[in-house]
file work-v3.cif (mmCIF, C-alpha atoms)
data_final
#
loop_
_atom_site.label_atom_id
_atom_site.label_comp_id
_atom_site.auth_asym_id
_atom_site.auth_seq_id
_atom_site.Cartn_x
_atom_site.Cartn_y
_atom_site.Cartn_z
CA MET A 1 0.00 0.00 0.00
CA ARG A 2 3.01 2.27 0.36
CA TYR A 3 3.21 3.07 -3.34
CA LEU A 4 -0.52 3.33 -4.00
CA SER A 5 -1.44 6.91 -4.69
CA TYR A 6 -3.24 9.16 -7.16
CA TRP A 7 -1.41 7.55 -10.11
CA VAL A 8 -3.86 4.62 -9.82
CA PHE A 9 -6.67 6.77 -11.27
CA PRO A 10 -5.28 6.93 -14.85
CA ILE A 11 -4.38 3.23 -14.67
CA VAL A 12 -8.00 2.30 -13.88
CA SER A 13 -9.31 4.69 -16.53
CA GLY A 14 -6.92 3.49 -19.26
CA LEU A 15 -7.50 -0.20 -18.53
CA MET A 16 -11.27 0.30 -18.53
CA TRP A 17 -11.09 2.08 -21.88
CA LEU A 18 -8.89 -0.63 -23.38
CA ALA A 19 -11.14 -3.38 -22.03
CA THR A 20 -14.21 -1.67 -23.51
CA LEU A 21 -12.63 -1.26 -26.95
CA LEU A 22 -11.27 -4.81 -27.04
CA GLY A 23 -14.60 -6.22 -25.86
CA LEU A 24 -16.48 -4.43 -28.65
CA LEU A 25 -13.94 -5.25 -31.35
CA LEU A 26 -13.55 -8.92 -30.46
CA HIS A 27 -17.31 -9.34 -30.14
CA TRP A 28 -17.80 -7.99 -33.66
CA ILE A 29 -14.98 -10.09 -35.17
CA VAL A 30 -15.25 -13.36 -33.22
CA ASP A 31 -18.84 -13.62 -31.97
CA THR A 32 -20.75 -12.04 -34.85
CA HIS A 33 -18.25 -12.87 -37.62
CA ARG A 34 -18.21 -9.24 -38.78
CA VAL A 35 -21.93 -8.85 -39.08
CA LYS A 36 -23.33 -5.79 -40.85
CA TYR A 37 -25.35 -3.74 -38.36
CA ALA A 38 -28.47 -1.79 -39.22
CA SER A 39 -26.68 1.49 -38.50
CA MET A 40 -23.96 0.80 -41.11
CA GLN A 41 -24.02 2.43 -44.55
CA GLY A 42 -24.71 0.56 -47.80
CA ASN A 43 -21.08 0.08 -48.91
CA GLN A 44 -19.67 -0.14 -45.38
CA THR A 45 -18.19 -3.46 -44.27
CA ILE A 46 -16.11 -2.36 -41.26
CA ALA A 47 -18.12 -1.34 -38.21
CA TYR A 48 -17.59 1.89 -36.32
CA ILE A 49 -17.16 1.68 -32.56
CA SER A 50 -20.60 3.24 -32.22
CA ASP A 51 -22.12 0.62 -34.54
CA VAL A 52 -21.00 -2.17 -32.23
CA GLY A 53 -21.85 -0.09 -29.15
CA ALA A 54 -25.43 0.38 -30.35
CA SER A 55 -26.06 -3.38 -30.51
CA ASP A 56 -26.06 -6.13 -27.89
CA LEU A 57 -23.06 -4.69 -26.04
CA LYS A 58 -24.56 -1.26 -25.44
CA PRO A 59 -24.53 -1.78 -21.62
CA LEU A 60 -20.80 -2.54 -21.81
CA PHE A 61 -20.21 0.52 -23.99
CA VAL A 62 -22.13 2.85 -21.67
CA ALA A 63 -20.57 1.49 -18.47
CA GLY A 64 -17.06 1.53 -19.97
CA CYS A 65 -17.38 5.14 -21.11
CA ILE A 66 -18.73 6.33 -17.74
CA ILE A 67 -16.04 4.59 -15.67
CA THR A 68 -13.32 5.79 -18.05
CA THR A 69 -14.39 9.42 -17.79
CA ILE A 70 -14.88 9.34 -14.01
CA PHE A 71 -11.35 8.14 -13.30
CA LEU A 72 -9.84 10.32 -16.01
CA ASP A 73 -11.48 13.39 -14.48
CA LEU A 74 -10.19 12.28 -11.09
CA SER A 75 -6.72 12.27 -12.65
CA PHE A 76 -7.13 15.85 -13.89
CA GLY A 77 -8.49 16.96 -10.52
CA SER A 78 -5.71 15.18 -8.62
CA ASP A 79 -3.05 16.88 -10.71
CA ARG A 80 -4.53 20.29 -9.90
CA LEU A 81 -4.98 19.48 -6.21
CA LEU A 82 -1.44 18.14 -5.76
CA ARG A 83 0.09 21.18 -7.45
CA HIS A 84 -2.00 23.47 -5.27
CA ARG A 85 -0.80 21.68 -2.11
CA GLY A 86 2.83 21.69 -3.21
CA ARG A 87 3.16 17.91 -3.51
CA LEU A 88 3.85 18.34 -7.22
CA VAL A 89 5.61 21.26 -8.89
CA PRO A 90 3.15 24.10 -8.18
CA ASN A 91 1.59 26.57 -10.60
CA THR A 92 3.25 29.82 -9.54
CA SER A 93 1.97 32.21 -12.23
CA THR A 94 -1.52 33.34 -13.16
CA GLY A 95 -1.02 32.05 -16.70
CA GLU A 96 -0.25 28.53 -15.49
CA LYS A 97 -3.34 28.53 -13.27
CA VAL A 98 -5.53 29.73 -16.14
CA LEU A 99 -4.15 26.99 -18.40
CA SER A 100 -4.82 24.41 -15.69
CA GLY A 101 -8.41 25.64 -15.39
CA LEU A 102 -8.94 25.47 -19.15
CA THR A 103 -7.51 21.95 -19.16
CA ILE A 104 -10.07 20.79 -16.60
CA PHE A 105 -12.94 22.67 -18.28
CA PHE A 106 -12.41 21.08 -21.70
CA ALA A 107 -11.84 17.69 -20.06
CA VAL A 108 -15.34 18.05 -18.59
CA VAL A 109 -16.64 18.92 -22.08
CA GLY A 110 -15.01 15.75 -23.41
CA THR A 111 -16.52 13.80 -20.51
CA VAL A 112 -20.01 15.02 -21.38
CA GLY A 113 -19.44 14.11 -25.03
CA LEU A 114 -18.17 10.58 -24.37
CA THR A 115 -20.82 9.80 -21.75
CA PHE A 116 -23.77 10.99 -23.83
CA LEU A 117 -22.60 9.55 -27.16
CA SER A 118 -22.65 6.10 -25.59
CA GLY A 119 -26.24 6.58 -24.45
CA PHE A 120 -27.53 8.35 -27.56
CA ASP A 121 -26.39 5.62 -29.94
CA THR A 122 -25.90 6.04 -33.65
CA LEU A 123 -28.81 3.75 -34.54
CA ARG A 124 -31.62 5.59 -32.71
CA TYR A 125 -30.18 9.10 -32.32
CA PRO A 126 -27.75 9.62 -35.22
CA ARG A 127 -27.69 13.44 -35.10
CA LEU A 128 -27.26 13.71 -31.35
CA HIS A 129 -24.64 10.98 -31.48
CA ASP A 130 -22.59 12.98 -34.00
CA VAL A 131 -22.86 16.14 -31.87
CA PHE A 132 -21.61 14.35 -28.76
CA LEU A 133 -18.87 12.65 -30.77
CA LEU A 134 -17.65 16.10 -31.82
CA LEU A 135 -17.74 17.28 -28.19
CA PHE A 136 -15.75 14.23 -27.11
CA ILE A 137 -12.98 14.65 -29.69
CA ALA A 138 -12.77 18.45 -29.52
CA GLY A 139 -13.02 18.57 -25.71
CA TYR A 140 -10.20 16.17 -24.94
CA LEU A 141 -8.05 17.45 -27.79
CA LEU A 142 -8.31 21.05 -26.54
CA SER A 143 -7.71 19.84 -23.00
CA ALA A 144 -4.52 18.11 -24.16
CA ILE A 145 -3.37 21.28 -25.94
CA PHE A 146 -3.81 23.40 -22.82
CA ILE A 147 -2.10 20.89 -20.53
CA CYS A 148 0.81 20.75 -22.98
CA TRP A 149 1.05 24.52 -22.80
CA GLU A 150 0.91 24.42 -19.00
CA TYR A 151 3.65 21.77 -18.76
CA GLN A 152 5.82 23.67 -21.20
CA ARG A 153 5.70 26.71 -18.90
CA LEU A 154 6.26 24.60 -15.79
CA GLY A 155 9.21 22.81 -17.39
CA HIS A 156 10.78 26.10 -18.45
CA ARG A 157 10.63 27.45 -14.87
CA ASN A 158 11.63 24.15 -13.22
CA ARG A 159 14.28 22.58 -15.42
CA GLN A 160 15.49 20.33 -12.60
CA HIS A 161 12.23 18.33 -12.82
CA ARG A 162 12.76 16.17 -15.90
CA VAL A 163 9.37 14.51 -15.52
CA LEU A 164 7.72 17.73 -16.72
CA ARG A 165 9.61 17.63 -20.02
CA ILE A 166 8.90 13.92 -20.47
CA SER A 167 5.19 14.41 -19.87
CA PHE A 168 5.14 17.46 -22.13
CA TYR A 169 6.62 15.57 -25.08
CA ILE A 170 4.32 12.57 -24.55
CA LYS A 171 1.25 14.79 -24.65
CA LEU A 172 2.59 16.88 -27.52
CA ILE A 173 3.02 13.74 -29.63
CA PHE A 174 -0.52 12.72 -28.72
CA VAL A 175 -1.92 16.10 -29.76
CA ILE A 176 -0.14 16.10 -33.13
CA VAL A 177 -0.99 12.48 -33.99
CA GLU A 178 -4.61 12.65 -32.85
CA LEU A 179 -5.20 15.98 -34.60
CA LEU A 180 -3.94 14.60 -37.91
CA LEU A 181 -5.97 11.41 -37.50
CA ALA A 182 -9.09 13.37 -36.53
CA ILE A 183 -8.79 15.51 -39.67
CA ALA A 184 -8.36 12.38 -41.79
CA PHE A 185 -11.37 10.79 -40.07
CA VAL A 186 -13.62 13.76 -40.82
CA VAL A 187 -12.47 13.97 -44.45
CA THR A 188 -12.95 10.26 -45.17
CA ASN A 189 -16.31 10.22 -43.41
CA PHE A 190 -17.70 13.14 -45.43
CA ARG A 191 -16.38 11.65 -48.67
CA GLY A 192 -18.23 8.41 -48.04
CA LEU A 193 -15.08 6.35 -47.41
CA TYR A 194 -16.71 4.67 -44.46
CA ASN A 195 -14.36 1.70 -44.14
CA ALA A 196 -11.32 3.97 -44.00
CA ALA A 197 -13.11 6.25 -41.52
CA ALA A 198 -14.01 3.27 -39.33
CA ILE A 199 -10.40 2.09 -39.22
CA LEU A 200 -9.25 5.60 -38.31
CA GLU A 201 -11.85 5.79 -35.53
CA TRP A 202 -10.58 2.58 -33.93
CA ILE A 203 -6.97 3.82 -34.17
CA ILE A 204 -7.88 7.18 -32.61
CA ALA A 205 -9.67 5.42 -29.75
CA PHE A 206 -6.77 3.08 -28.98
CA ILE A 207 -4.24 5.92 -29.04
CA PHE A 208 -6.45 7.79 -26.58
CA SER A 209 -5.77 5.06 -24.01
CA PHE A 210 -2.03 5.85 -24.10
CA TYR A 211 -2.84 9.50 -23.46
CA ILE A 212 -4.75 8.42 -20.36
CA PHE A 213 -1.82 6.31 -19.15
CA SER A 214 0.52 9.30 -19.57
CA PHE A 215 -0.98 10.84 -16.43
CA CYS A 216 0.79 8.17 -14.40
CA VAL A 217 4.01 10.01 -15.25
CA ASP A 218 2.53 13.22 -13.81
CA LEU A 219 1.00 11.77 -10.63
CA TYR A 220 3.56 9.14 -9.58
CA PRO A 221 6.05 11.69 -8.07
CA ALA A 222 3.40 12.48 -5.44
CA VAL A 223 4.27 9.14 -3.80
CA ALA A 224 7.57 10.63 -2.60
CA THR A 225 5.87 13.73 -1.13
CA ARG A 226 3.11 11.93 0.74
CA THR A 227 4.50 12.84 4.19
CA ASN A 228 5.41 16.41 3.27
CA ARG A 229 2.82 18.63 1.67
CA HIS A 230 5.37 21.27 0.68
CA SER A 231 8.18 19.01 -0.54
CA ALA A 232 7.98 19.95 -4.21
CA ARG A 233 7.86 23.61 -3.33
CA SER A 234 10.73 23.56 -0.81
CA ASN A 235 13.15 20.97 -2.17
CA GLY A 236 14.30 23.20 -5.01
CA ALA A 237 14.96 26.17 -2.71
CA ARG A 238 16.73 23.96 -0.18
CA GLN A 239 18.96 22.48 -2.88
CA MET A 240 19.87 25.92 -4.20
CA GLU A 241 20.69 27.12 -0.66
CA GLU A 242 22.93 24.14 0.05
CA THR A 243 24.75 24.55 -3.26
CA TYR A 244 25.29 28.27 -2.60
CA TYR A 245 26.74 27.75 0.86
CA ALA A 246 28.96 24.92 -0.39
CA THR A 247 30.55 27.21 -2.97
CA HIS A 248 30.60 30.32 -0.70
CA PRO A 249 31.67 29.10 2.77
CA SER A 250 32.71 32.60 3.81
CA VAL A 251 29.10 33.80 3.91
CA LEU A 252 27.68 30.99 6.04
CA PRO A 253 25.10 32.23 8.55
CA GLN A 254 26.09 32.28 12.22
CA SER A 255 23.97 29.20 12.90
CA HIS A 256 25.93 27.24 10.31
CA GLN A 257 29.41 28.31 11.49
CA PRO A 258 31.41 26.34 14.11
CA THR A 259 31.14 27.45 17.73
CA ARG A 260 33.96 29.38 19.43
CA ASP A 261 34.89 26.37 21.54
CA THR A 262 35.32 24.28 18.46
CA GLU A 263 37.41 26.99 16.83
CA ASP A 264 39.65 27.33 19.92
CA SER A 265 40.14 23.58 20.10
CA GLN A 266 41.00 23.46 16.43
CA ARG A 267 43.45 26.36 16.87
CA THR A 268 45.15 24.59 19.82
CA LEU A 269 45.63 21.45 17.79
CA THR A 270 46.97 23.48 14.90
CA ASN A 271 49.46 25.39 17.09
CA GLY A 272 50.77 22.12 18.43
CA HIS A 273 51.86 21.00 14.99
CA HIS A 274 53.03 24.10 13.14
CA HIS A 275 53.19 27.86 13.46
CA PRO A 276 50.66 29.94 11.64
CA HIS A 277 51.84 32.17 8.85
CA HIS A 278 51.14 35.64 10.16
CA GLY A 279 52.02 37.23 6.90
CA GLN A 280 49.14 35.73 4.98
CA PRO A 281 46.47 38.24 4.00
CA LYS A 282 42.91 37.82 5.24
CA VAL A 283 40.34 36.37 2.91
CA ARG A 284 38.24 39.17 1.44
CA THR A 285 34.59 38.47 0.81
CA ASP A 286 33.42 39.80 -2.51
CA GLN A 287 30.30 41.96 -2.25
CA ARG A 288 28.90 40.22 -5.31
CA ASP A 289 28.51 37.02 -3.25
CA PHE A 290 25.65 38.71 -1.43
#
call {"tool": "encode", "arguments": {"input": "work-v3.cif", "output": "structure tokens"}}
result
Amino acid sequence: MRYLSYWVFPIVSGLMWLATLLGLLLHWIVDTHRVKYASMQGNQTIAYISDVGASDLKPLFVAGCIITTIFLDLSFGSDRLLRHRGRLVPNTSTGEKVLSGLTIFFAVVGTVGLTFLSGFDTLRYPRLHDVFLLLFIAGYLLSAIFICWEYQRLGHRNRQHRVLRISFYIKLIFVIVELLLAIAFVVTNFRGLYNAAAILEWIIAFIFSFYIFSFCVDLYPAVATRTNRHSARSNGARQMEETYYATHPSVLPQSHQPTRDTEDSQRTLTNGHHHPHHGQPKVRTDQRDF
């Protein structure tokens, strides 16, 4: 239980999403032998996710989408909470806090889209289904863009935390790849290339699971700060202070310097071995060190 923390939320969300997708896909291929559903177009032979989700496995599709979004939103909320408490690298500027708020807002938009598109299936509510599909894709894509922007600013201010750069590049790759695939999906769908569009939709959905798992990288460092709420905020300052005093011993505070008794004892031992060189000049402290 020592290592269980907030990073479990994206694990549960990602595994639930993968299990839902694999359940739908394998059911269509293995159990139904690639049946053509009533919601599929005339020349379409490859089912969309929503085609399979509107059939016998609709309860699985709805439950999987709801559980996925709940734990994914918990991941977003945990990231914001931990940064606010100082257990992760905190948002210190107004711009970073605004970006964090926009990230959560558009994640909620994506949550609404994914939850409602599973309920308003493509067979019975085709128009509403398309609207919620657009909300799902646009919401989480915009959320990913804003969190990338936030992490880029955090990484620039806190270069000693490599995890910020790693997470930034993971999410940046996701944004670029998913944006290109989403454009291709829309184009092929409007041109009537439904099989190509269906393949792209499955690919987009599976890549989305890796985006969910990427939040483990963000939340796992909170395990080390569990007993200290302000560790992430204070460790950097403490490290800078120790480095400064190590390179500038002449400006150590009084509390860090040896006591007079220790100095006298050290001087006695020194005088017993060799005579001090009285001609040596005193060490001058440069004003720039302050």
call {"tool": "closest_residue", "arguments": {"input": "work-v3.cif", "among": "A:Leu81, A:Ile170, A:Ile204, A:Leu219", "to": "Gly101 (chain A)", "atoms": "all atoms listed in the file"}}
result
A:Leu81
call {"tool": "closest_residue", "arguments": {"input": "work-v3.cif", "among": "A:Leu60, A:Ile166, A:Ile145, A:Leu22", "to": "Ser214 (chain A)", "atoms": "all atoms listed in the file"}}
result
A:Ile166
call {"tool": "closest_residue", "arguments": {"input": "work-v3.cif", "among": "A:Leu133, A:Val112, A:Val177, A:Val12", "to": "Leu72 (chain A)", "atoms": "only C-alpha atoms"}}
result
A:Val12
call {"tool": "closest_residue", "arguments": {"input": "work-v3.cif", "among": "A:Tyr211, A:Phe76, A:Tyr125, A:Trp28", "to": "Leu141 (chain A)", "atoms": "all atoms listed in the file"}}
result
A:Tyr211
call {"tool": "atom_distance", "arguments": {"input": "work-v3.cif", "atom1": "CA of Ile104 (chain A)", "atom2": "CA of Val223 (chain A)"}}
result
22.5 Å
call {"tool": "atom_distance", "arguments": {"input": "work-v3.cif", "atom1": "CA of Ile199 (chain A)", "atom2": "CA of Ile11 (chain A)"}}
result
25.3 Å
call {"tool": "closest_residue", "arguments": {"input": "work-v3.cif", "among": "A:Val187, A:Leu134, A:Val98, A:Ala47", "to": "Arg153 (chain A)", "atoms": "all atoms listed in the file"}}
result
A:Val98
call {"tool": "closest_residue", "arguments": {"input": "work-v3.cif", "among": "A:Val62, A:Met40, A:Val52, A:Cys216", "to": "Val163 (chain A)", "atoms": "only C-alpha atoms"}}
result
A:Cys216
call {"tool": "resolve_selection", "arguments": {"input": "work-v3.cif", "expression": "the PyMOL selection byres ((chain A and resi 174) around 9)", "output": "ChimeraX atom specification"}}
result
/A:141,144,169-173,175-179,207-208,210-211
call {"tool": "atom_distance", "arguments": {"input": "work-v3.cif", "atom1": "CA of Asp121 (chain A)", "atom2": "CA of Phe61 (chain A)"}}
result
10.0 Å
call {"tool": "residues_around", "arguments": {"input": "work-v3.cif", "residues": "Phe136 (chain A)", "least_positions_apart": "3", "cutoff": "7 Å", "atoms": "only C-alpha atoms", "output": "PDB file with C-alpha atoms, in the frame of the given file"}}
result
ATOM      1  CA  VAL A 109     -16.640  18.920 -22.080  1.00  0.00           C
ATOM      2  CA  GLY A 110     -15.010  15.750 -23.410  1.00  0.00           C
ATOM      3  CA  THR A 111     -16.520  13.800 -20.510  1.00  0.00           C
ATOM      4  CA  GLY A 113     -19.440  14.110 -25.030  1.00  0.00           C
ATOM      5  CA  LEU A 114     -18.170  10.580 -24.370  1.00  0.00           C
ATOM      6  CA  PHE A 132     -21.610  14.350 -28.760  1.00  0.00           C
ATOM      7  CA  LEU A 133     -18.870  12.650 -30.770  1.00  0.00           C
ATOM      8  CA  GLY A 139     -13.020  18.570 -25.710  1.00  0.00           C
ATOM      9  CA  TYR A 140     -10.200  16.170 -24.940  1.00  0.00           C
TER      10      TYR A 140
END
call {"tool": "decode", "arguments": {"input": "work-v3.cif", "residues": "region 129-151 of chain A", "atoms": "N, CA and C atoms", "output": "mmCIF file, in the first residue's frame"}}
result
data_model
loop_
_atom_site.group_PDB
_atom_site.id
_atom_site.type_symbol
_atom_site.label_atom_id
_atom_site.label_comp_id
_atom_site.auth_asym_id
_atom_site.auth_seq_id
_atom_site.Cartn_x
_atom_site.Cartn_y
_atom_site.Cartn_z
ATOM 1 N N HIS A 129 -25.864 11.763 -31.628
ATOM 2 C CA HIS A 129 -24.643 10.983 -31.481
ATOM 3 C C HIS A 129 -23.461 11.704 -32.128
ATOM 4 N N ASP A 130 -23.664 12.260 -33.315
ATOM 5 C CA ASP A 130 -22.587 12.981 -34.003
ATOM 6 C C ASP A 130 -22.189 14.243 -33.246
ATOM 7 N N VAL A 131 -23.162 14.934 -32.655
ATOM 8 C CA VAL A 131 -22.861 16.136 -31.871
ATOM 9 C C VAL A 131 -22.000 15.791 -30.663
ATOM 10 N N PHE A 132 -22.375 14.741 -29.947
ATOM 11 C CA PHE A 132 -21.605 14.350 -28.758
ATOM 12 C C PHE A 132 -20.246 13.759 -29.132
ATOM 13 N N LEU A 133 -20.163 13.132 -30.295
ATOM 14 C CA LEU A 133 -18.866 12.654 -30.771
ATOM 15 C C LEU A 133 -17.920 13.827 -31.020
ATOM 16 N N LEU A 134 -18.457 14.900 -31.598
ATOM 17 C CA LEU A 134 -17.653 16.102 -31.822
ATOM 18 C C LEU A 134 -17.209 16.721 -30.498
ATOM 19 N N LEU A 135 -18.106 16.755 -29.509
ATOM 20 C CA LEU A 135 -17.743 17.282 -28.192
ATOM 21 C C LEU A 135 -16.649 16.439 -27.548
ATOM 22 N N PHE A 136 -16.740 15.136 -27.687
ATOM 23 C CA PHE A 136 -15.745 14.231 -27.110
ATOM 24 C C PHE A 136 -14.364 14.479 -27.710
ATOM 25 N N ILE A 137 -14.285 14.482 -29.027
ATOM 26 C CA ILE A 137 -12.985 14.647 -29.686
ATOM 27 C C ILE A 137 -12.420 16.045 -29.443
ATOM 28 N N ALA A 138 -13.241 17.074 -29.665
ATOM 29 C CA ALA A 138 -12.772 18.451 -29.517
ATOM 30 C C ALA A 138 -12.432 18.761 -28.059
ATOM 31 N N GLY A 139 -13.254 18.273 -27.121
ATOM 32 C CA GLY A 139 -13.024 18.565 -25.712
ATOM 33 C C GLY A 139 -11.699 18.030 -25.215
ATOM 34 N N TYR A 140 -11.446 16.756 -25.442
ATOM 35 C CA TYR A 140 -10.202 16.168 -24.936
ATOM 36 C C TYR A 140 -8.983 16.628 -25.739
ATOM 37 N N LEU A 141 -9.170 16.947 -26.998
ATOM 38 C CA LEU A 141 -8.049 17.452 -27.787
ATOM 39 C C LEU A 141 -7.638 18.844 -27.311
ATOM 40 N N LEU A 142 -8.618 19.720 -27.079
ATOM 41 C CA LEU A 142 -8.309 21.051 -26.544
ATOM 42 C C LEU A 142 -7.733 20.957 -25.137
ATOM 43 N N SER A 143 -8.255 20.033 -24.345
ATOM 44 C CA SER A 143 -7.714 19.837 -23.002
ATOM 45 C C SER A 143 -6.242 19.417 -23.067
ATOM 46 N N ALA A 144 -5.911 18.542 -24.003
ATOM 47 C CA ALA A 144 -4.524 18.105 -24.163
ATOM 48 C C ALA A 144 -3.629 19.255 -24.620
ATOM 49 N N ILE A 145 -4.146 20.128 -25.483
ATOM 50 C CA ILE A 145 -3.366 21.276 -25.944
ATOM 51 C C ILE A 145 -3.039 22.205 -24.776
ATOM 52 N N PHE A 146 -4.035 22.483 -23.941
ATOM 53 C CA PHE A 146 -3.811 23.399 -22.821
ATOM 54 C C PHE A 146 -2.896 22.794 -21.756
ATOM 55 N N ILE A 147 -2.987 21.490 -21.527
ATOM 56 C CA ILE A 147 -2.103 20.893 -20.528
ATOM 57 C C ILE A 147 -0.675 20.829 -21.061
ATOM 58 N N CYS A 148 -0.519 20.675 -22.369
ATOM 59 C CA CYS A 148 0.815 20.753 -22.977
ATOM 60 C C CYS A 148 1.413 22.139 -22.758
ATOM 61 N N TRP A 149 0.604 23.143 -22.982
ATOM 62 C CA TRP A 149 1.047 24.523 -22.799
ATOM 63 C C TRP A 149 1.440 24.769 -21.340
ATOM 64 N N GLU A 150 0.611 24.262 -20.433
ATOM 65 C CA GLU A 150 0.906 24.422 -19.002
ATOM 66 C C GLU A 150 2.222 23.747 -18.630
ATOM 67 N N TYR A 151 2.433 22.513 -19.096
ATOM 68 C CA TYR A 151 3.650 21.772 -18.755
ATOM 69 C C TYR A 151 4.884 22.380 -19.403
#
